[in-house]
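K.L.:
Structure: input.txt, compact mmCIF, C-alpha atoms.
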```txt
# COMPACT_ATOMS: atom_id res chain seq x y z
CA MET Y 1 0.00 0.00 0.00
CA ILE Y 2 1.17 3.54 -0.63
CA ALA Y 3 1.16 5.86 2.40
CA HIS Y 4 -0.53 9.27 2.34
CA ARG Y 5 2.87 10.88 2.92
CA VAL Y 6 4.13 9.37 -0.32
CA HIS Y 7 1.11 10.70 -2.25
CA ARG Y 8 1.88 14.18 -0.97
CA ASP Y 9 5.60 13.94 -1.72
CA LEU Y 10 5.04 12.47 -5.18
CA ALA Y 11 2.60 15.27 -6.01
CA ARG Y 12 5.04 17.93 -4.85
CA ALA Y 13 7.91 16.24 -6.70
CA ILE Y 14 5.92 16.26 -9.94
CA SER Y 15 5.12 19.95 -9.43
CA ALA Y 16 8.77 20.76 -8.80
CA VAL Y 17 9.78 19.12 -12.06
CA GLU Y 18 6.83 20.57 -13.95
CA ASN Y 19 7.70 24.10 -12.83
CA GLY Y 20 11.39 23.72 -13.56
CA ILE Y 21 12.47 24.00 -9.92
CA THR Y 22 14.41 20.76 -10.04
CA ASP Y 23 15.01 17.75 -12.26
CA TYR Y 24 14.11 14.10 -11.71
CA HIS Y 25 17.15 13.31 -9.59
CA GLY Y 26 16.74 16.42 -7.47
CA ALA Y 27 13.10 15.55 -6.90
CA VAL Y 28 13.85 11.99 -5.79
CA ALA Y 29 16.60 13.23 -3.48
CA GLY Y 30 14.36 15.94 -2.06
CA PHE Y 31 11.52 13.73 -0.87
CA ALA Y 32 12.60 11.20 1.72
CA SER Y 33 9.54 8.98 1.52
CA PHE Y 34 10.58 7.81 -1.98
CA GLY Y 35 13.54 5.96 -0.50
CA HIS Y 36 11.21 3.40 1.03
CA ALA Y 37 9.70 2.05 -2.17
CA GLU Y 38 9.82 -1.73 -1.89
CA ARG Y 39 9.20 -3.62 -5.03
CA ASN Y 40 11.97 -6.24 -5.31
CA GLY Y 41 13.81 -3.97 -7.70
CA ARG Y 42 11.13 -4.40 -10.39
CA ARG Y 43 10.39 -1.39 -12.55
CA ALA Y 44 6.79 -0.26 -12.88
CA ASP Y 45 4.92 -1.37 -15.99
CA VAL Y 46 4.10 1.76 -17.97
CA ILE Y 47 1.01 1.67 -20.14
CA GLY Y 48 0.31 4.43 -22.64
CA VAL Y 49 -3.33 5.02 -23.56
CA THR Y 50 -4.01 7.28 -26.49
CA GLY Y 51 -6.41 7.86 -29.36
CA PRO Y 52 -8.81 10.45 -30.74
CA PRO Y 53 -10.80 12.66 -28.37
CA GLY Y 54 -14.11 11.23 -27.22
CA ALA Y 55 -13.09 7.58 -27.64
CA GLY Y 56 -13.70 6.85 -23.96
CA LYS Y 57 -10.05 6.54 -22.89
CA SER Y 58 -10.61 7.83 -19.37
CA THR Y 59 -13.60 5.56 -18.82
CA LEU Y 60 -11.51 2.64 -20.05
CA VAL Y 61 -8.60 3.61 -17.81
CA ASP Y 62 -11.05 3.71 -14.91
CA ARG Y 63 -11.89 0.06 -15.66
CA LEU Y 64 -8.20 -0.86 -15.94
CA ILE Y 65 -7.55 0.70 -12.53
CA GLU Y 66 -10.33 -1.46 -11.11
CA GLY Y 67 -8.77 -4.55 -12.65
CA PHE Y 68 -5.25 -3.82 -11.38
CA ARG Y 69 -6.51 -2.99 -7.89
CA THR Y 70 -8.47 -6.24 -7.75
CA ALA Y 71 -5.21 -8.02 -8.59
CA GLY Y 72 -3.56 -6.21 -5.67
CA GLU Y 73 -1.43 -3.83 -7.73
CA THR Y 74 -1.04 -0.11 -7.06
CA VAL Y 75 -1.63 2.27 -9.96
CA ALA Y 76 -0.53 5.81 -10.77
CA ILE Y 77 -2.17 7.66 -13.63
CA VAL Y 78 -0.80 10.68 -15.45
CA ALA Y 79 -3.49 12.23 -17.65
CA VAL Y 80 -2.31 14.86 -20.12
CA ASP Y 81 -4.61 17.37 -21.77
CA PRO Y 82 -3.61 20.15 -24.14
CA SER Y 83 -3.15 23.72 -22.88
CA SER Y 84 -4.92 26.50 -24.74
CA PRO Y 85 -2.41 28.01 -27.17
CA PHE Y 86 -4.02 31.41 -26.52
CA THR Y 87 -4.52 31.62 -22.76
CA HIS Y 88 -2.14 28.80 -21.68
CA GLY Y 89 -4.90 27.65 -19.35
CA ALA Y 90 -6.50 24.21 -19.46
CA VAL Y 91 -9.50 22.28 -18.24
CA LEU Y 92 -8.16 18.93 -17.10
CA GLY Y 93 -11.21 16.73 -17.26
CA ASP Y 94 -9.89 13.16 -17.35
CA ARG Y 95 -10.02 12.77 -13.59
CA VAL Y 96 -13.82 13.00 -13.58
CA ARG Y 97 -14.13 9.55 -15.12
CA MET Y 98 -11.76 7.90 -12.61
CA GLN Y 99 -12.60 9.89 -9.52
CA ARG Y 100 -14.31 6.96 -7.78
CA HIS Y 101 -10.76 5.73 -7.05
CA ALA Y 102 -9.81 8.98 -5.32
CA GLY Y 103 -10.52 7.43 -1.92
CA ASP Y 104 -8.15 4.50 -2.57
CA PRO Y 105 -4.59 5.00 -1.27
CA GLY Y 106 -3.38 2.47 -3.84
CA VAL Y 107 -4.32 4.85 -6.67
CA PHE Y 108 -2.66 8.16 -7.55
CA ILE Y 109 -4.18 10.33 -10.28
CA ARG Y 110 -2.39 13.40 -11.61
CA SER Y 111 -3.69 15.62 -14.39
CA MET Y 112 -1.16 17.61 -16.37
CA ALA Y 113 -1.58 20.31 -18.97
CA SER Y 114 0.74 19.84 -21.92
CA ARG Y 115 2.08 23.43 -21.60
CA GLN Y 116 3.53 23.03 -25.08
CA ALA Y 117 2.68 25.23 -28.02
CA GLY Y 118 2.74 22.37 -30.51
CA GLY Y 119 0.74 20.06 -28.29
CA GLY Y 120 3.71 17.81 -27.57
CA LEU Y 121 4.31 15.75 -24.46
CA ALA Y 122 6.16 17.92 -21.97
CA PRO Y 123 9.44 16.54 -20.57
CA ALA Y 124 7.72 16.88 -17.21
CA THR Y 125 5.34 14.09 -18.18
CA ARG Y 126 8.19 11.65 -18.72
CA ASP Y 127 9.66 12.65 -15.38
CA ALA Y 128 6.26 12.35 -13.70
CA VAL Y 129 6.09 8.74 -14.88
CA ARG Y 130 9.59 8.01 -13.54
CA LEU Y 131 8.70 9.67 -10.24
CA ALA Y 132 5.57 7.54 -9.87
CA ASP Y 133 7.78 4.50 -10.46
CA ALA Y 134 10.23 5.72 -7.80
CA ALA Y 135 7.33 6.25 -5.40
CA GLY Y 136 6.57 2.55 -5.58
CA PHE Y 137 3.54 2.20 -7.85
CA ASP Y 138 3.33 -1.14 -9.66
CA VAL Y 139 1.66 0.20 -12.78
CA VAL Y 140 1.81 3.67 -14.30
CA ILE Y 141 -0.77 4.64 -16.93
CA VAL Y 142 -0.14 7.65 -19.15
CA GLU Y 143 -3.25 8.90 -20.87
CA THR Y 144 -2.97 11.42 -23.67
CA VAL Y 145 -5.45 12.80 -26.14
CA GLY Y 146 -4.90 12.63 -29.87
CA VAL Y 147 -4.17 16.30 -30.51
CA GLY Y 148 -0.97 17.46 -32.18
CA GLN Y 149 1.90 15.12 -31.60
CA ILE Y 150 1.30 14.17 -27.96
CA GLU Y 151 0.18 10.66 -28.70
CA LEU Y 152 3.29 9.86 -30.68
CA GLU Y 153 5.69 11.06 -28.01
CA VAL Y 154 4.15 8.59 -25.60
CA VAL Y 155 6.34 5.98 -27.32
CA ALA Y 156 9.30 7.26 -25.35
CA VAL Y 157 7.48 6.85 -22.05
CA ALA Y 158 5.52 3.61 -22.21
CA ASP Y 159 6.31 -0.11 -22.30
CA VAL Y 160 3.04 -0.94 -24.05
CA ILE Y 161 0.72 1.38 -25.96
CA LEU Y 162 -3.04 1.05 -26.26
CA VAL Y 163 -4.65 2.93 -29.10
CA VAL Y 164 -8.34 3.42 -28.36
CA THR Y 165 -10.82 4.31 -31.06
CA VAL Y 166 -14.57 4.11 -31.57
CA PRO Y 167 -16.76 2.95 -34.46
CA ALA Y 168 -17.11 5.91 -36.80
CA LEU Y 169 -19.05 6.80 -39.91
CA GLY Y 170 -17.15 6.11 -43.10
CA ASP Y 171 -13.66 4.65 -43.04
CA SER Y 172 -12.92 4.13 -39.36
CA VAL Y 173 -9.25 3.41 -39.73
CA GLN Y 174 -8.81 6.94 -41.06
CA THR Y 175 -9.89 8.32 -37.71
CA ILE Y 176 -6.62 7.05 -36.33
CA LYS Y 177 -3.77 9.29 -37.29
CA ALA Y 178 -1.15 7.58 -39.42
CA GLY Y 179 1.52 7.64 -36.72
CA LEU Y 180 -0.63 5.80 -34.19
CA THR Y 181 -0.78 2.69 -36.32
CA GLU Y 182 3.01 2.51 -36.15
CA ILE Y 183 3.25 2.63 -32.39
CA ALA Y 184 0.21 0.66 -31.17
CA ASP Y 185 0.77 -2.58 -29.27
CA ILE Y 186 -2.95 -3.21 -28.74
CA PHE Y 187 -5.91 -1.66 -30.56
CA VAL Y 188 -9.15 -1.21 -28.67
CA VAL Y 189 -12.45 -0.45 -30.38
CA ASN Y 190 -14.43 1.07 -27.51
CA MET Y 191 -18.20 1.75 -27.50
CA ALA Y 192 -18.42 -1.62 -29.23
CA ASP Y 193 -22.19 -1.63 -28.78
CA ARG Y 194 -22.45 1.05 -31.48
CA PRO Y 195 -23.06 0.17 -35.12
CA GLY Y 196 -19.91 -0.39 -37.13
CA ALA Y 197 -17.84 -1.84 -34.30
CA ASN Y 198 -17.16 -5.15 -36.02
CA ALA Y 199 -16.34 -3.41 -39.30
CA THR Y 200 -13.90 -1.08 -37.51
CA ALA Y 201 -12.24 -4.03 -35.77
CA LEU Y 202 -11.99 -5.86 -39.08
CA ASP Y 203 -10.40 -2.85 -40.78
CA LEU Y 204 -7.83 -2.67 -38.01
CA ARG Y 205 -7.11 -6.42 -38.19
CA HIS Y 206 -6.52 -6.21 -41.93
CA MET Y 207 -4.16 -3.31 -41.44
CA VAL Y 208 -2.28 -5.17 -38.73
CA ARG Y 209 -2.08 -8.43 -40.71
CA GLU Y 210 -0.38 -6.61 -43.57
CA GLY Y 211 2.46 -5.82 -41.21
CA ALA Y 212 2.44 -9.39 -39.83
CA ARG Y 213 2.65 -8.21 -36.23
CA ASP Y 214 1.23 -9.57 -33.01
CA ILE Y 215 -1.10 -6.68 -32.28
CA PRO Y 216 -4.44 -7.73 -30.79
CA VAL Y 217 -7.55 -5.84 -31.85
CA LEU Y 218 -10.07 -5.93 -29.03
CA GLN Y 219 -13.58 -4.58 -28.53
CA THR Y 220 -14.77 -3.05 -25.28
CA ILE Y 221 -17.70 -1.22 -23.77
CA ALA Y 222 -15.88 0.72 -21.08
CA GLN Y 223 -19.11 2.03 -19.62
CA ASP Y 224 -20.22 -1.39 -18.42
CA GLY Y 225 -16.85 -3.19 -18.41
CA THR Y 226 -17.51 -5.51 -21.35
CA GLY Y 227 -14.24 -6.74 -22.87
CA VAL Y 228 -12.10 -5.35 -20.06
CA PRO Y 229 -10.99 -8.75 -18.65
CA GLU Y 230 -9.77 -9.69 -22.13
CA LEU Y 231 -7.90 -6.38 -22.37
CA LEU Y 232 -6.24 -6.96 -18.99
CA ALA Y 233 -5.23 -10.45 -20.12
CA ALA Y 234 -3.74 -9.03 -23.34
CA LEU Y 235 -1.79 -6.47 -21.28
CA GLU Y 236 -0.53 -9.24 -19.01
CA ARG Y 237 0.71 -11.21 -22.03
CA LYS Y 238 2.66 -8.17 -23.23
CA ARG Y 239 4.58 -7.91 -19.96
CA GLY Y 240 8.09 -9.17 -20.61
CA ALA Y 241 7.09 -10.58 -24.01
CA ASP Y 242 9.12 -10.28 -27.22
CA ASP Y 243 9.25 -6.59 -27.99
CA SER Y 244 9.79 -6.33 -31.75
CA ASN Y 245 6.99 -3.82 -31.56
CA ALA Y 246 9.15 -1.58 -29.39
CA VAL Y 247 11.93 -1.79 -31.97
CA ARG Y 248 9.58 -0.62 -34.70
CA ALA Y 249 7.95 2.05 -32.55
CA VAL Y 250 11.26 3.48 -31.36
CA ARG Y 251 12.65 3.59 -34.91
CA PHE Y 252 9.54 5.48 -35.97
CA GLU Y 253 9.84 7.93 -33.08
CA VAL Y 254 13.55 8.55 -33.71
CA VAL Y 255 12.91 9.29 -37.40
CA ARG Y 256 10.05 11.58 -36.44
CA ARG Y 257 12.16 13.54 -33.99
CA ALA Y 258 15.10 13.71 -36.38
CA ARG Y 259 12.74 15.11 -39.01
CA ASP Y 260 11.42 17.74 -36.57
CA GLN Y 261 14.94 18.74 -35.63
CA ALA Y 262 15.99 18.99 -39.28
CA VAL Y 263 12.97 21.19 -40.00
CA SER Y 264 13.83 23.50 -37.09
CA ARG Y 265 17.43 23.76 -38.27
CA ALA Y 266 16.35 24.48 -41.84
CA LEU Y 267 13.96 27.22 -40.75
CA ALA Y 268 16.70 28.81 -38.66
CA ALA Y 269 19.23 28.58 -41.51
CA LEU Y 270 16.77 30.31 -43.85
CA GLU Y 271 17.03 33.36 -41.58
CA SER Y 272 20.79 33.59 -42.00
CA ALA Y 273 22.30 36.52 -43.91
CA ASP Y 274 23.47 34.26 -46.75
CA ALA Y 275 20.03 32.73 -47.20
CA VAL Y 276 18.26 36.06 -47.06
CA ALA Y 277 20.65 37.36 -49.75
CA VAL Y 278 19.79 34.43 -52.04
CA LEU Y 279 16.06 34.97 -51.55
CA GLU Y 280 16.44 38.67 -52.33
CA ARG Y 281 18.19 37.82 -55.60
CA LEU Y 282 15.30 35.46 -56.41
CA ARG Y 283 12.80 38.18 -55.68
CA VAL Y 284 14.35 40.63 -58.14
CA HIS Y 285 14.65 37.98 -60.89
CA GLU Y 286 18.45 37.67 -60.64
CA LEU Y 287 18.16 33.97 -59.85
CA ALA Y 288 15.88 31.24 -61.23
CA ARG Y 289 13.91 29.17 -58.71
CA ASN Y 290 15.90 25.96 -59.25
CA ASP Y 291 19.17 27.81 -58.75
CA ALA Y 292 17.83 29.52 -55.62
CA ILE Y 293 16.83 26.12 -54.18
CA ASP Y 294 20.27 24.67 -54.99
CA ALA Y 295 22.02 27.63 -53.37
CA LEU Y 296 19.86 27.46 -50.24
CA LEU Y 297 20.39 23.72 -49.86
CA VAL Y 298 24.13 24.29 -49.97
CA ILE Y 299 23.71 26.90 -47.23
CA LEU Y 300 21.63 24.43 -45.20
CA GLY Y 301 24.51 21.99 -45.48
CA GLY Y 302 23.18 19.24 -47.70
CA PRO Y 303 23.72 18.26 -51.33
CA ALA Y 304 21.82 20.23 -54.00
CA HIS Y 305 18.50 18.56 -54.97
CA ALA Y 306 16.75 20.81 -57.45
CA HIS Y 307 13.71 19.22 -59.17
CA MET C 1 3.61 29.16 -13.88
CA PRO C 2 -0.18 28.86 -14.13
CA ILE C 3 -2.37 28.82 -11.05
CA LYS C 4 -3.79 25.32 -10.61
CA VAL C 5 -7.32 25.06 -9.27
CA LEU C 6 -9.48 22.14 -8.18
CA VAL C 7 -13.20 22.76 -8.67
CA ALA C 8 -15.11 20.34 -6.47
CA LYS C 9 -18.80 19.46 -6.14
CA PRO C 10 -19.42 17.55 -2.92
CA GLY C 11 -22.37 15.59 -1.61
CA LEU C 12 -25.83 15.31 -3.04
CA ASP C 13 -25.77 18.58 -4.99
CA GLY C 14 -26.62 17.58 -8.55
CA HIS C 15 -26.09 20.90 -10.31
CA ASP C 16 -22.78 21.44 -12.05
CA ARG C 17 -23.46 23.76 -14.95
CA GLY C 18 -22.12 26.62 -12.84
CA ALA C 19 -19.01 24.66 -11.90
CA LYS C 20 -18.30 23.92 -15.54
CA ILE C 21 -18.79 27.57 -16.50
CA VAL C 22 -16.35 28.54 -13.76
CA ALA C 23 -13.83 25.94 -14.97
CA ARG C 24 -13.91 27.33 -18.50
CA ALA C 25 -13.68 30.92 -17.30
CA LEU C 26 -10.63 30.11 -15.19
CA ARG C 27 -9.06 28.35 -18.15
CA ASP C 28 -9.67 31.42 -20.28
CA ALA C 29 -7.87 33.41 -17.59
CA GLY C 30 -4.83 31.15 -17.99
CA MET C 31 -5.38 28.78 -15.08
CA GLU C 32 -5.16 25.00 -15.09
CA VAL C 33 -8.43 23.62 -13.74
CA VAL C 34 -9.16 20.12 -12.55
CA TYR C 35 -12.86 19.38 -12.19
CA THR C 36 -13.77 16.49 -9.91
CA GLY C 37 -17.25 15.77 -11.13
CA LEU C 38 -20.28 15.45 -8.88
CA HIS C 39 -20.95 13.65 -5.60
CA GLN C 40 -17.53 13.94 -4.04
CA THR C 41 -16.84 13.01 -0.45
CA PRO C 42 -14.55 15.29 1.58
CA GLU C 43 -11.92 12.55 1.43
CA MET C 44 -12.08 12.36 -2.37
CA ILE C 45 -11.76 16.13 -2.59
CA VAL C 46 -8.77 16.29 -0.26
CA ASN C 47 -7.05 13.34 -1.98
CA ALA C 48 -7.56 14.97 -5.37
CA ALA C 49 -6.25 18.32 -4.14
CA ILE C 50 -3.12 16.68 -2.73
CA GLN C 51 -2.43 14.49 -5.77
CA GLU C 52 -3.01 17.35 -8.16
CA ASP C 53 -0.97 19.66 -5.90
CA VAL C 54 -3.31 22.53 -6.62
CA ASP C 55 -2.90 26.10 -5.38
CA VAL C 56 -6.59 26.45 -4.61
CA VAL C 57 -9.55 24.20 -3.96
CA GLY C 58 -12.88 25.79 -4.83
CA ILE C 59 -15.78 23.90 -3.28
CA SER C 60 -19.17 24.69 -4.75
CA ILE C 61 -22.24 23.88 -2.68
CA LEU C 62 -25.76 24.86 -3.65
CA SER C 63 -27.47 22.30 -1.43
CA GLY C 64 -26.97 23.88 1.98
CA ALA C 65 -24.59 21.21 3.25
CA HIS C 66 -21.64 23.58 3.65
CA MET C 67 -21.46 23.45 7.46
CA THR C 68 -21.01 19.69 7.17
CA ILE C 69 -18.66 19.55 4.22
CA PHE C 70 -16.20 22.39 4.86
CA PRO C 71 -15.28 21.40 8.44
CA LYS C 72 -14.58 17.83 7.27
CA VAL C 73 -12.41 19.06 4.42
CA MET C 74 -10.41 21.40 6.67
CA ARG C 75 -9.94 18.64 9.25
CA LEU C 76 -8.70 16.19 6.61
CA PHE C 77 -6.15 18.69 5.30
CA ALA C 78 -4.95 19.21 8.88
CA GLU C 79 -4.69 15.43 9.44
CA ARG C 80 -2.61 15.08 6.27
CA GLU C 81 -0.41 17.98 7.43
CA VAL C 82 -1.26 20.01 4.35
CA GLU C 83 -1.28 23.71 5.23
CA ASP C 84 -0.51 25.41 1.97
CA ILE C 85 -3.49 24.57 -0.22
CA VAL C 86 -5.94 27.45 -0.10
CA VAL C 87 -9.62 26.56 0.30
CA VAL C 88 -12.35 28.81 -1.03
CA GLY C 89 -16.05 28.21 -1.45
CA GLY C 90 -18.99 29.27 -3.49
CA GLY C 91 -22.70 28.71 -3.79
CA VAL C 92 -25.67 29.27 -1.53
CA ILE C 93 -24.12 30.13 1.82
CA GLN C 94 -25.67 32.44 4.43
CA ALA C 95 -23.74 35.42 5.76
CA ASP C 96 -23.61 34.01 9.33
CA ASP C 97 -22.04 30.85 8.06
CA VAL C 98 -19.48 32.77 6.00
CA ALA C 99 -17.91 34.07 9.22
CA LYS C 100 -17.87 30.57 10.75
CA LEU C 101 -16.25 29.13 7.66
CA LYS C 102 -13.57 31.79 7.62
CA ALA C 103 -12.85 31.00 11.25
CA LEU C 104 -12.16 27.43 10.13
CA GLY C 105 -9.60 28.64 7.60
CA VAL C 106 -11.69 28.92 4.44
CA ARG C 107 -10.13 32.01 2.85
CA GLU C 108 -13.04 33.33 0.82
CA ILE C 109 -16.67 32.59 0.09
CA PHE C 110 -18.02 33.76 -3.24
CA ASN C 111 -21.78 34.10 -3.28
CA ALA C 112 -23.83 32.69 -6.11
CA GLU C 113 -24.16 36.09 -7.78
CA ALA C 114 -20.40 36.65 -8.14
CA SER C 115 -19.30 37.16 -11.73
CA THR C 116 -16.58 35.02 -13.26
CA GLN C 117 -14.40 38.14 -13.41
CA GLU C 118 -14.77 38.59 -9.64
CA LEU C 119 -13.90 34.93 -9.17
CA ILE C 120 -10.78 35.20 -11.31
CA ALA C 121 -9.60 38.37 -9.59
CA GLY C 122 -10.39 36.88 -6.19
CA ILE C 123 -8.45 33.68 -6.82
CA GLU C 124 -5.44 35.56 -8.16
CA ARG C 125 -5.43 37.85 -5.14
CA ILE C 126 -5.82 35.01 -2.64
CA VAL C 127 -3.09 32.91 -4.23
CA GLY C 128 -0.83 35.95 -4.22
CA GLU C 129 -1.50 36.54 -0.50
CA TYR C 130 -1.86 33.04 0.92
CA GLY C 131 -0.44 30.80 -1.76
CA ARG C 132 2.77 28.87 -1.70
CA ASP C 133 5.19 31.76 -1.93
CA ARG C 134 8.19 29.51 -1.38
CA THR C 135 7.45 27.64 -4.59
CA ARG C 136 6.84 30.79 -6.56
CA ARG C 137 9.94 32.47 -5.18
CA GLU C 138 11.99 29.42 -6.03
CA ALA C 139 10.47 29.36 -9.50
CA ALA C 140 11.45 32.96 -10.05
CA GLN C 141 15.00 32.24 -8.88
CA ALA C 142 15.26 29.20 -11.13
CA ARG C 143 14.41 31.24 -14.25
```
Please, can you express the file's structure as structure tokens?
P.N.:
Amino acid sequence: MIAHRVHRDLARAISAVENGITDYHGAVAGFASFGHAERNGRRADVIGVTGPPGAGKSTLVDRLIEGFRTAGETVAIVAVDPSSPFTHGAVLGDRVRMQRHAGDPGVFIRSMASRQAGGGLAPATRDAVRLADAAGFDVVIVETVGVGQIELEVVAVADVILVVTVPALGDSVQTIKAGLTEIADIFVVNMADRPGANATALDLRHMVREGARDIPVLQTIAQDGTGVPELLAALERKRGADDSNAVRAVRFEVVRRARDQAVSRALAALESADAVAVLERLRVHELARNDAIDALLVILGGPAHAH
Amino acid sequence: MPIKVLVAKPGLDGHDRGAKIVARALRDAGMEVVYTGLHQTPEMIVNAAIQEDVDVVGISILSGAHMTIFPKVMRLFAEREVEDIVVVGGGVIQADDVAKLKALGVREIFNAEASTQELIAGIERIVGEYGRDRTRREAAQAR
């Protein structure tokens, strides 16, 4: 069981990291109650739950908490919602669906605003997960909503990733952003009592079979718990299992980040004096477009690739 | 560093349109707002406030149960040795009871007619006066 003192210290540690007061190591050192985590040296199992808004992720997570608690495991949840790009405020509403566990000392729920302009997963979220592990929780669930790039960055944080979707009108697989299909370990079609659930599950199974990967496609009704035992069993099978999925997901995430970094560098290089001079020559018809592109690519540091 | 607020609806009170309007208004003022949902026990509210490490807990009671709920909440915070989370209240609360609640440590009671602008200004002022200055000072130093 996790003592009240640890809940308080974990919460304050997460705040300290979130507000830039200290880093992960400083936070662990600063809160004595962390030192007493007893778990036979086993790391917490980290489960990422993501998918489009309105898919019922929080309701499903609520059911997972119930399942883990019944099995005697303690659970920490980090639920991330996007901050408003205009006001930087946020309504953090995931807790509402899980709040029945708020009286249980074996459950810790922390809502976090992304605080990122592009909607990405803040470094604080990764540290919050590590802190929950250090505090002694057996399972850590990270829940993120499918806005911007948050859901893809969860790859770096989680051991297994659930992608939750719902039956939709039209082509359901399209409701899942392209990147999510690369990182999912388990697909869940929630609200499976709605029309189109079987078709959606079938679409997903076809997509998975093309890649020849062991990625279960399950159906659940989180509201009444249907399909949740099967989901918990699938999660249990993933624990310690062959992780070729992780290899693929991590490769995808590394390429994605490298691409983002290259874009940032390119945009910065385009502001340099040399680049601005080239663009000015283009503007006054001293340089053809192809030649301008070649010249700029040389400035950016790569080989010339005019069309 | 945004102000983090917990908006809580305890007990049998089944009306939360106001609480949701408040949550959105606070968000529009740049705050991070956690809404607990309805039918919270004092223990659920205190646990949520501690886990979320909020600056302020705003407890909204329209049902008249405030002299039962607030004392329990304040006692639970004391038992958990949490002194730096500010508690404020709103709803249908008589003037006599406002004084009693303040004596218990509830910093402010906003009556049901208060505008969202008054709420926002009130929360900012209270956090500035009674909030966790150590954290904010440290944050300023760290920048």
K.L.:
How many Å lie between CA of Met191 (chain Y) and CA of Gln223 (chain Y), rounded to one decimal?
P.N.:
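These two atoms are separated by 7.9 Å.
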K.L.:
With 6 Å as the cut-off and all atoms listed in the file counted, what is the closest atom pair between each nearby residue of chain Y and chain C? Distances in Å to one decimal, ordered by chain and number, as JSON lines.
P.N.:
```
{"residue": "Y:Arg8", "atom": "CA", "partner": "C:Ile50", "partner_atom": "CA", "distance": 5.9}
{"residue": "Y:Ala11", "atom": "CA", "partner": "C:Gln51", "partner_atom": "CA", "distance": 5.1}
{"residue": "Y:Ile21", "atom": "CA", "partner": "C:Ala139", "partner_atom": "CA", "distance": 5.7}
{"residue": "Y:Thr87", "atom": "CA", "partner": "C:Gly30", "partner_atom": "CA", "distance": 4.8}
{"residue": "Y:His88", "atom": "CA", "partner": "C:Gly30", "partner_atom": "CA", "distance": 5.1}
{"residue": "Y:Gly89", "atom": "CA", "partner": "C:Gly30", "partner_atom": "CA", "distance": 3.8}
{"residue": "Y:Ala90", "atom": "CA", "partner": "C:Glu32", "partner_atom": "CA", "distance": 4.6}
{"residue": "Y:Val91", "atom": "CA", "partner": "C:Val33", "partner_atom": "CA", "distance": 4.8}
{"residue": "Y:Leu92", "atom": "CA", "partner": "C:Val34", "partner_atom": "CA", "distance": 4.8}
{"residue": "Y:Gly93", "atom": "CA", "partner": "C:Tyr35", "partner_atom": "CA", "distance": 6.0}
{"residue": "Y:Val96", "atom": "CA", "partner": "C:Gly37", "partner_atom": "CA", "distance": 5.0}
{"residue": "Y:Ala102", "atom": "CA", "partner": "C:Met44", "partner_atom": "CA", "distance": 5.0}
{"residue": "Y:Gly103", "atom": "CA", "partner": "C:Met44", "partner_atom": "CA", "distance": 5.2}
{"residue": "Y:Arg110", "atom": "CA", "partner": "C:Glu52", "partner_atom": "CA", "distance": 5.3}
```
K.L.:
Can you measure CA of Gly26 (chain Y) to CA of Val155 (chain Y) for me? One decimal in Å is fine.
P.N.:
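One can read the CA of Gly26 (chain Y) to CA of Val155 (chain Y) distance as 24.7 Å.
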K.L.:
What are the centre and the three edge lengths of an axis-aligned box that wraps all atoms of region 285-292 of chain Y in the file, given that 8 Å is added to every side, written as JSON and rounded to one decimal in Å?
P.N.:
```
{"center_x": 16.5, "center_y": 32.0, "center_z": -58.4, "size_x": 21.3, "size_y": 28.0, "size_z": 21.6}
```
K.L.:
Taking all atoms listed in the file into account, name the residue in Y:Val75, Y:Val278, Y:Ala273, Y:Ile215 that is nearest to Ala135 (chain Y).
P.N.:
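The answer is Y:Val75, which sits nearest to Ala135 (chain Y).
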K.L.:
In Å to one decimal, how far is CA of Lys100 (chain C) from CA of Met67 (chain C)?
P.N.:
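Computing the Euclidean distance for CA of Met67 (chain C) and CA of Lys100 (chain C) yields 8.6 Å.
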K.L.:
Which neighbours of region 101-109 of chain C fall inside 12 Å, counting all atoms listed in the file, when residues of the same chain fewer than 4 positions from it are skipped, and could you give them as a PyMOL selection string?
P.N.:
chain C and resi 56-61+66-75+77-78+83-97+113-114+118-119+122-127+129-131
K.L.:
Write out as a PDB file with C-alpha atoms, in the frame of the given file which residues come within 10 Å of Val61 (chain Y) when counting all atoms listed in the file, dropping same-chain ones fewer than 3 positions away.
P.N.:
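Just written: selection01.pdb:
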```
ATOM      1  CA  VAL Y  49      -3.330   5.020 -23.560  1.00  0.00           C
ATOM      2  CA  GLY Y  56     -13.700   6.850 -23.960  1.00  0.00           C
ATOM      3  CA  LYS Y  57     -10.050   6.540 -22.890  1.00  0.00           C
ATOM      4  CA  SER Y  58     -10.610   7.830 -19.370  1.00  0.00           C
ATOM      5  CA  LEU Y  64      -8.200  -0.860 -15.940  1.00  0.00           C
ATOM      6  CA  ILE Y  65      -7.550   0.700 -12.530  1.00  0.00           C
ATOM      7  CA  GLU Y  66     -10.330  -1.460 -11.110  1.00  0.00           C
ATOM      8  CA  GLY Y  67      -8.770  -4.550 -12.650  1.00  0.00           C
ATOM      9  CA  ILE Y  77      -2.170   7.660 -13.630  1.00  0.00           C
ATOM     10  CA  ASP Y  94      -9.890  13.160 -17.350  1.00  0.00           C
ATOM     11  CA  ARG Y  97     -14.130   9.550 -15.120  1.00  0.00           C
ATOM     12  CA  MET Y  98     -11.760   7.900 -12.610  1.00  0.00           C
ATOM     13  CA  ILE Y 141      -0.770   4.640 -16.930  1.00  0.00           C
ATOM     14  CA  VAL Y 142      -0.140   7.650 -19.150  1.00  0.00           C
ATOM     15  CA  GLU Y 143      -3.250   8.900 -20.870  1.00  0.00           C
ATOM     16  CA  ALA Y 222     -15.880   0.720 -21.080  1.00  0.00           C
ATOM     17  CA  VAL Y 228     -12.100  -5.350 -20.060  1.00  0.00           C
TER      18      VAL Y 228
END
```
